[in-house]
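Trainee: Just one file: entry-v1.pdb, with PDB, C-alpha atoms.
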```pdb
ATOM      1  CA  MET A  15     142.226  -8.615  72.542
ATOM      2  CA  ASP A  16     142.048 -10.842  69.476
ATOM      3  CA  THR A  17     140.670 -14.317  69.942
ATOM      4  CA  LEU A  18     142.695 -17.154  68.421
ATOM      5  CA  ARG A  19     140.439 -19.063  66.053
ATOM      6  CA  THR A  20     141.092 -22.463  64.522
ATOM      7  CA  PRO A  21     139.088 -24.476  61.978
ATOM      8  CA  THR A  22     138.130 -26.951  64.705
ATOM      9  CA  GLN A  23     136.955 -24.301  67.171
ATOM     10  CA  ALA A  24     133.473 -25.015  68.484
ATOM     11  CA  PRO A  25     130.735 -22.573  67.403
ATOM     12  CA  GLY A  26     130.141 -19.908  70.007
ATOM     13  CA  SER A  27     133.356 -20.588  71.895
ATOM     14  CA  GLY A  28     134.865 -17.328  70.611
ATOM     15  CA  VAL A  29     131.880 -15.362  71.928
ATOM     16  CA  LEU A  30     132.164 -17.065  75.305
ATOM     17  CA  GLN A  31     135.876 -16.321  75.378
ATOM     18  CA  HIS A  32     135.261 -12.641  74.676
ATOM     19  CA  LEU A  33     132.569 -12.524  77.356
ATOM     20  CA  LEU A  34     134.945 -14.042  79.900
ATOM     21  CA  GLN A  35     137.666 -11.568  78.956
ATOM     22  CA  TRP A  36     135.252  -8.654  79.268
ATOM     23  CA  LEU A  37     134.040  -9.947  82.641
ATOM     24  CA  ILE A  38     137.632 -10.110  83.857
ATOM     25  CA  ALA A  39     138.205  -6.567  82.584
ATOM     26  CA  TYR A  40     135.116  -5.407  84.485
ATOM     27  CA  ILE A  41     136.305  -7.088  87.691
ATOM     28  CA  ALA A  42     139.713  -5.461  87.215
ATOM     29  CA  TRP A  43     138.084  -2.049  86.940
ATOM     30  CA  THR A  44     136.083  -2.657  90.109
ATOM     31  CA  GLN A  45     139.434  -3.083  91.844
ATOM     32  CA  ARG A  46     140.825   0.082  90.245
ATOM     33  CA  VAL A  47     137.975   2.252  91.539
ATOM     34  CA  PRO A  48     139.392   2.403  95.118
ATOM     35  CA  MET A  49     142.677   3.658  93.659
ATOM     36  CA  LEU A  50     140.881   6.378  91.695
ATOM     37  CA  VAL A  51     138.849   7.391  94.736
ATOM     38  CA  ALA A  52     141.949   7.469  96.950
ATOM     39  CA  TRP A  53     143.861   9.685  94.529
ATOM     40  CA  SER A  54     140.852  11.940  94.010
ATOM     41  CA  GLY A  55     140.521  12.340  97.777
ATOM     42  CA  GLY A  56     144.226  12.969  98.310
ATOM     43  CA  LEU A  57     144.422  15.576  95.554
ATOM     44  CA  PHE A  58     141.207  17.199  96.771
ATOM     45  CA  VAL A  59     142.638  17.564 100.289
ATOM     46  CA  LEU A  60     145.850  19.009  98.852
ATOM     47  CA  ALA A  61     143.902  21.471  96.708
ATOM     48  CA  ALA A  62     141.802  22.463  99.733
ATOM     49  CA  LEU A  63     144.930  23.153 101.788
ATOM     50  CA  ILE A  64     146.412  25.256  99.001
ATOM     51  CA  PHE A  65     143.147  27.147  98.722
ATOM     52  CA  VAL A  66     143.092  27.894 102.446
ATOM     53  CA  VAL A  67     146.714  29.029 102.399
ATOM     54  CA  THR A  68     146.556  31.227  99.309
ATOM     55  CA  ILE A  69     143.123  32.807  99.767
ATOM     56  CA  GLU A  70     142.969  34.968 102.890
ATOM     57  CA  GLN A  71     139.228  35.364 102.770
ATOM     58  CA  SER A  72     138.539  31.682 102.172
ATOM     59  CA  GLN A  73     137.122  31.163 105.660
ATOM     60  CA  SER A  74     134.676  34.038 105.426
ATOM     61  CA  VAL A  75     133.703  33.078 101.889
ATOM     62  CA  THR A  76     133.086  29.495 102.980
ATOM     63  CA  GLU A  77     130.990  30.618 105.937
ATOM     64  CA  GLN A  78     128.947  32.867 103.672
ATOM     65  CA  MET A  79     128.397  30.034 101.198
ATOM     66  CA  ILE A  80     127.309  27.651 103.948
ATOM     67  CA  ALA A  81     124.964  30.246 105.408
ATOM     68  CA  LEU A  82     123.537  30.912 101.953
ATOM     69  CA  LEU A  83     122.995  27.221 101.320
ATOM     70  CA  GLU A  84     121.351  26.775 104.714
ATOM     71  CA  ARG A  85     118.880  29.530 103.844
ATOM     72  CA  SER A  86     118.155  28.017 100.446
ATOM     73  CA  PRO A  87     114.662  26.479 100.357
ATOM     74  CA  ARG A  88     115.613  24.346  97.366
ATOM     75  CA  LEU A  89     118.446  22.748  99.323
ATOM     76  CA  GLN A  90     116.141  22.076 102.258
ATOM     77  CA  ASP A  91     113.555  20.535  99.913
ATOM     78  CA  TRP A  92     116.266  18.374  98.301
ATOM     79  CA  LEU A  93     117.513  17.148 101.677
ATOM     80  CA  ALA A  94     113.939  16.388 102.723
ATOM     81  CA  SER A  95     113.270  14.470  99.509
ATOM     82  CA  PHE A  96     116.567  12.580  99.864
ATOM     83  CA  ALA A  97     115.656  11.565 103.398
ATOM     84  CA  GLY A  98     112.181  10.590 102.214
ATOM     85  CA  GLN A  99     113.541   8.418  99.383
ATOM     86  CA  SER A 100     115.840   6.647 101.789
ATOM     87  CA  GLY A 101     112.948   5.984 104.143
ATOM     88  CA  VAL A 102     114.429   8.212 106.853
ATOM     89  CA  ASP A 103     112.495  10.500 109.138
ATOM     90  CA  GLY A 104     113.390  12.178 112.382
ATOM     91  CA  ASN A 105     112.956   8.901 114.303
ATOM     92  CA  GLU A 106     114.720   6.574 111.848
ATOM     93  CA  THR A 107     118.202   7.990 111.444
ATOM     94  CA  ASN A 108     119.792   4.538 111.705
ATOM     95  CA  SER A 109     118.650   3.638 108.175
ATOM     96  CA  LEU A 110     120.629   6.487 106.604
ATOM     97  CA  PRO A 111     124.033   4.684 106.780
ATOM     98  CA  GLU A 112     122.480   1.633 105.120
ATOM     99  CA  HIS A 113     121.040   3.755 102.329
ATOM    100  CA  PHE A 114     124.395   5.514 101.867
ATOM    101  CA  GLN A 115     126.173   2.143 101.754
ATOM    102  CA  ARG A 116     123.846   0.909  99.006
ATOM    103  CA  TRP A 117     124.411   4.124  97.082
ATOM    104  CA  VAL A 118     128.202   3.768  97.369
ATOM    105  CA  PHE A 119     128.222   0.183  96.088
ATOM    106  CA  THR A 120     125.834   1.057  93.258
ATOM    107  CA  ALA A 121     128.011   3.996  92.187
ATOM    108  CA  TRP A 122     131.097   1.782  92.473
ATOM    109  CA  SER A 123     129.578  -0.871  90.190
ATOM    110  CA  VAL A 124     128.294   1.634  87.623
ATOM    111  CA  LEU A 125     131.615   3.510  87.496
ATOM    112  CA  ALA A 126     133.524   0.264  86.980
ATOM    113  CA  LEU A 127     131.091  -0.741  84.228
ATOM    114  CA  VAL A 128     131.532   2.584  82.426
ATOM    115  CA  LEU A 129     135.322   2.437  82.698
ATOM    116  CA  ALA A 130     135.393  -1.167  81.472
ATOM    117  CA  PHE A 131     133.278  -0.181  78.463
ATOM    118  CA  LEU A 132     135.516   2.800  77.696
ATOM    119  CA  GLY A 133     138.593   0.595  78.022
ATOM    120  CA  THR A 134     137.108  -1.949  75.619
ATOM    121  CA  LEU A 135     136.161   0.816  73.184
ATOM    122  CA  ALA A 136     139.645   2.340  73.360
ATOM    123  CA  GLY A 137     141.204  -1.066  72.707
ATOM    124  CA  ALA A 138     138.915  -1.622  69.712
ATOM    125  CA  LEU A 139     139.970   1.749  68.302
ATOM    126  CA  GLY A 140     143.643   0.884  68.728
ATOM    127  CA  PHE A 141     144.394   3.061  71.753
ATOM    128  CA  THR A 142     146.475   0.984  74.139
ATOM    129  CA  LEU A 143     148.811   1.889  76.970
ATOM    130  CA  PRO A 144     152.446   0.772  76.747
ATOM    131  CA  LYS A 145     153.058  -2.554  78.484
ATOM    132  CA  THR A 146     154.896  -2.247  81.767
ATOM    133  CA  SER A 147     155.906  -4.766  84.393
ATOM    134  CA  LEU A 148     154.294  -5.023  87.798
ATOM    135  CA  ARG A 149     157.467  -3.742  89.425
ATOM    136  CA  THR A 150     157.504  -0.660  87.217
ATOM    137  CA  ARG A 151     153.876   0.104  88.022
ATOM    138  CA  LEU A 152     154.501  -0.222  91.749
ATOM    139  CA  LEU A 153     157.556   2.031  91.483
ATOM    140  CA  ILE A 154     155.466   4.646  89.664
ATOM    141  CA  ALA A 155     152.807   4.403  92.366
ATOM    142  CA  ALA A 156     155.407   4.811  95.109
ATOM    143  CA  SER A 157     156.988   7.796  93.331
ATOM    144  CA  CYS A 158     153.636   9.536  92.909
ATOM    145  CA  SER A 159     152.747   8.919  96.555
ATOM    146  CA  ALA A 160     156.122  10.328  97.623
ATOM    147  CA  ALA A 161     155.452  13.410  95.492
ATOM    148  CA  LEU A 162     152.049  13.797  97.159
ATOM    149  CA  ALA A 163     153.681  13.565 100.611
ATOM    150  CA  ALA A 164     156.277  16.150  99.600
ATOM    151  CA  ALA A 165     153.543  18.503  98.391
ATOM    152  CA  PHE A 166     151.674  18.208 101.707
ATOM    153  CA  LEU A 167     154.884  18.796 103.653
ATOM    154  CA  LEU A 168     155.765  21.822 101.529
ATOM    155  CA  VAL A 169     152.375  23.396 102.161
ATOM    156  CA  ILE A 170     152.679  22.813 105.911
ATOM    157  CA  VAL A 171     156.275  24.074 106.174
ATOM    158  CA  THR A 172     155.585  27.243 104.196
ATOM    159  CA  SER A 173     152.422  28.050 106.172
ATOM    160  CA  ARG A 174     153.429  27.626 109.801
ATOM    161  CA  SER A 175     151.124  30.479 110.806
ATOM    162  CA  LEU A 176     148.180  28.264 109.916
ATOM    163  CA  PHE A 177     149.624  24.871 110.856
ATOM    164  CA  HIS A 178     150.619  25.286 114.481
ATOM    165  CA  GLY A 179     152.544  22.720 116.479
ATOM    166  CA  SER A 180     155.369  20.390 115.562
ATOM    167  CA  LEU A 181     155.734  18.793 112.168
ATOM    168  CA  LEU A 182     155.448  15.415 113.838
ATOM    169  CA  GLY A 183     151.935  16.289 114.893
ATOM    170  CA  TRP A 184     150.998  16.854 111.242
ATOM    171  CA  SER A 185     152.596  13.595 110.110
ATOM    172  CA  VAL A 186     149.160  11.993 109.811
ATOM    173  CA  LEU A 187     148.470  14.442 107.003
ATOM    174  CA  TYR A 188     151.746  14.451 105.077
ATOM    175  CA  LEU A 189     152.665  10.803 105.775
ATOM    176  CA  GLY A 190     149.508   8.935 106.722
ATOM    177  CA  LEU A 191     147.312  10.108 103.843
ATOM    178  CA  PRO A 192     149.897   9.464 101.081
ATOM    179  CA  ALA A 193     150.657   6.079 102.678
ATOM    180  CA  ALA A 194     146.961   5.172 102.558
ATOM    181  CA  VAL A 195     146.818   6.259  98.911
ATOM    182  CA  LEU A 196     149.846   4.070  98.182
ATOM    183  CA  VAL A 197     148.230   1.053  99.857
ATOM    184  CA  PHE A 198     145.049   1.411  97.793
ATOM    185  CA  THR A 199     147.061   2.003  94.618
ATOM    186  CA  SER A 200     149.337  -0.989  95.196
ATOM    187  CA  TYR A 201     146.356  -3.236  95.823
ATOM    188  CA  SER A 202     144.585  -2.061  92.659
ATOM    189  CA  VAL A 203     147.715  -2.374  90.527
ATOM    190  CA  PHE A 204     148.535  -5.828  91.901
ATOM    191  CA  VAL A 205     145.050  -7.271  91.383
ATOM    192  CA  ALA A 206     144.574  -5.659  87.955
ATOM    193  CA  HIS A 207     147.969  -6.973  86.812
ATOM    194  CA  TYR A 208     147.172 -10.607  87.544
ATOM    195  CA  LEU A 209     143.642 -10.317  86.214
ATOM    196  CA  GLY A 210     145.197  -8.978  83.007
ATOM    197  CA  ARG A 211     147.481 -12.016  82.858
ATOM    198  CA  LEU A 212     144.433 -14.238  83.269
ATOM    199  CA  ALA A 213     142.729 -12.450  80.367
ATOM    200  CA  LEU A 214     145.825 -12.958  78.218
ATOM    201  CA  ALA A 215     145.843 -16.641  79.102
ATOM    202  CA  LEU A 216     142.220 -16.961  77.981
ATOM    203  CA  ALA A 217     143.124 -15.208  74.719
ATOM    204  CA  GLY A 218     146.055 -17.575  74.175
ATOM    205  CA  ALA A 219     148.502 -14.660  74.087
ATOM    206  CA  PRO A 220     151.977 -14.902  75.618
ATOM    207  CA  ARG A 221     152.291 -13.478  79.125
ATOM    208  CA  THR A 222     154.269 -10.278  79.734
TER     209      THR A 222
END
```
Write out the structure in this file as structure tokens.

Mentor:
Amino acid sequence: MDTLRTPTQAPGSGVLQHLLQWLIAYIAWTQRVPMLVAWSGGLFVLAALIFVVTIEQSQSVTEQMIALLERSPRLQDWLASFAGQSGVDGNETNSLPEHFQRWVFTAWSVLALVLAFLGTLAGALGFTLPKTSLRTRLLIAASCSAALAAAFLLVIVTSRSLFHGSLLGWSVLYLGLPAAVLVFTSYSVFVAHYLGRLALALAGAPRT
């Protein structure tokens, strides 16, 4: 975003303004990460279901892979080193969730930082997304979530030999998961939208 400069502007105020705008962009990306994780998880579950349905030998192949990995000395050494780095031994398993929590928040922060940098670089190179209203973004999110729910339902309906029981019993999968994805997406879109308006206000640009 271009900074409005005037002859009476104090030295260094433009740099501070850009820093504030970049900080807001970083915060916005930290709030977009849950949306990206939710969609990645939802699509991964859908792909896993399709894999199970379409590949008859998927169960045996998976069991063979797990057995192979369990016999792998390198994997055992890696797990031992991971437990050692986290300060976990056989008698201190309670510290593992804390270590995992720190790892999650660190990865979250780093991913948001990388995405904010890429967004700034794309903007500097002239690559910008078309401006859309908050309502339009929420409608797109709802439409995509509905499509995800329909895909789950289609897989379940066409594979009743694998998905036993009533469809209502599987509603957690084809309704609950897409609904959770929609909640995370709506939150991310809502927060990012108003943080973007705040950045525009700092730049002196008209709000959209």

Trainee: How many Å lie between atom CA of A:Ser159 and atom CA of A:Pro192, rounded to one decimal?

Mentor: 5.4 Å

Trainee: Hey, which of A:Phe65, A:Phe131, A:Trp122, A:Tyr201 ends up closest to A:Ser173? Count all atoms listed in the file.

Mentor: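 Distance minimum relative to A:Ser173 lands on A:Phe65.
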
Trainee: Between A:Leu216, A:Val118, A:Val171, A:Leu50, which residue has the minimum interatomic distance to A:His32, considering only C-alpha atoms?

Mentor: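 Nearest candidate to A:His32 out of A:Leu216, A:Val118, A:Val171, A:Leu50: A:Leu216.
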
Trainee: Which one of A:Leu152, A:Val66, A:Val59, A:Val47 sits closest to A:Ala126 if you count all atoms listed in the file?

Mentor: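 Closest residue, counting all atoms listed in the file: A:Val47.
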
Trainee: Might you spell out which residues the PyMOL selection byres ((chain A and resi 41) around 10) would select in the displayed file, as a PyMOL selection string?

Mentor: chain A and resi 35-40+42-46+123+126-127+130+205-206+209

Trainee: Record the distance separating atom CA of A:Ala213 and atom CA of A:Ser200, expressed in Å with one decimal.

Mentor: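 Between atom CA of A:Ala213 and atom CA of A:Ser200 the gap is 19.9 Å.
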
Trainee: Would you pick out the contacts of A:Ala193 at 9 Å or less, using all atoms listed in the file, so that residues sharing its chain but fewer than 3 positions from it are not included, and give the list as a JSON list (two decimals) with C-alpha atoms, in the coordinates of the input?

Mentor:
```json
[["chain", "number", "residue", "atom", "x", "y", "z"],
["A", 159, "SER", "CA", 152.75, 8.92, 96.56],
["A", 160, "ALA", "CA", 156.12, 10.33, 97.62],
["A", 163, "ALA", "CA", 153.68, 13.56, 100.61],
["A", 188, "TYR", "CA", 151.75, 14.45, 105.08],
["A", 189, "LEU", "CA", 152.66, 10.80, 105.78],
["A", 190, "GLY", "CA", 149.51, 8.94, 106.72],
["A", 196, "LEU", "CA", 149.85, 4.07, 98.18],
["A", 197, "VAL", "CA", 148.23, 1.05, 99.86],
["A", 198, "PHE", "CA", 145.05, 1.41, 97.79]]
```

Trainee: When you draw a straight line from atom CA of A:Trp53 to atom CA of A:Leu191, how long is it in Å?

Mentor: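 Computing the Euclidean distance for atom CA of A:Trp53 and atom CA of A:Leu191 yields 9.9 Å.
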
Trainee: Counting only C-alpha atoms, which of A:Ala164, A:Ser185, A:Phe204, A:Arg174 gets nearest to A:Arg151?

Mentor: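 Residue with the minimum atom-to-atom distance to A:Arg151: A:Phe204.
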
Trainee: Quick one: of A:Pro48, A:Gly56, A:Gly133, A:Pro144, who's nearest to A:Leu187, counting only C-alpha atoms?

Mentor: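 Selected residue with least distance to A:Leu187: A:Gly56.
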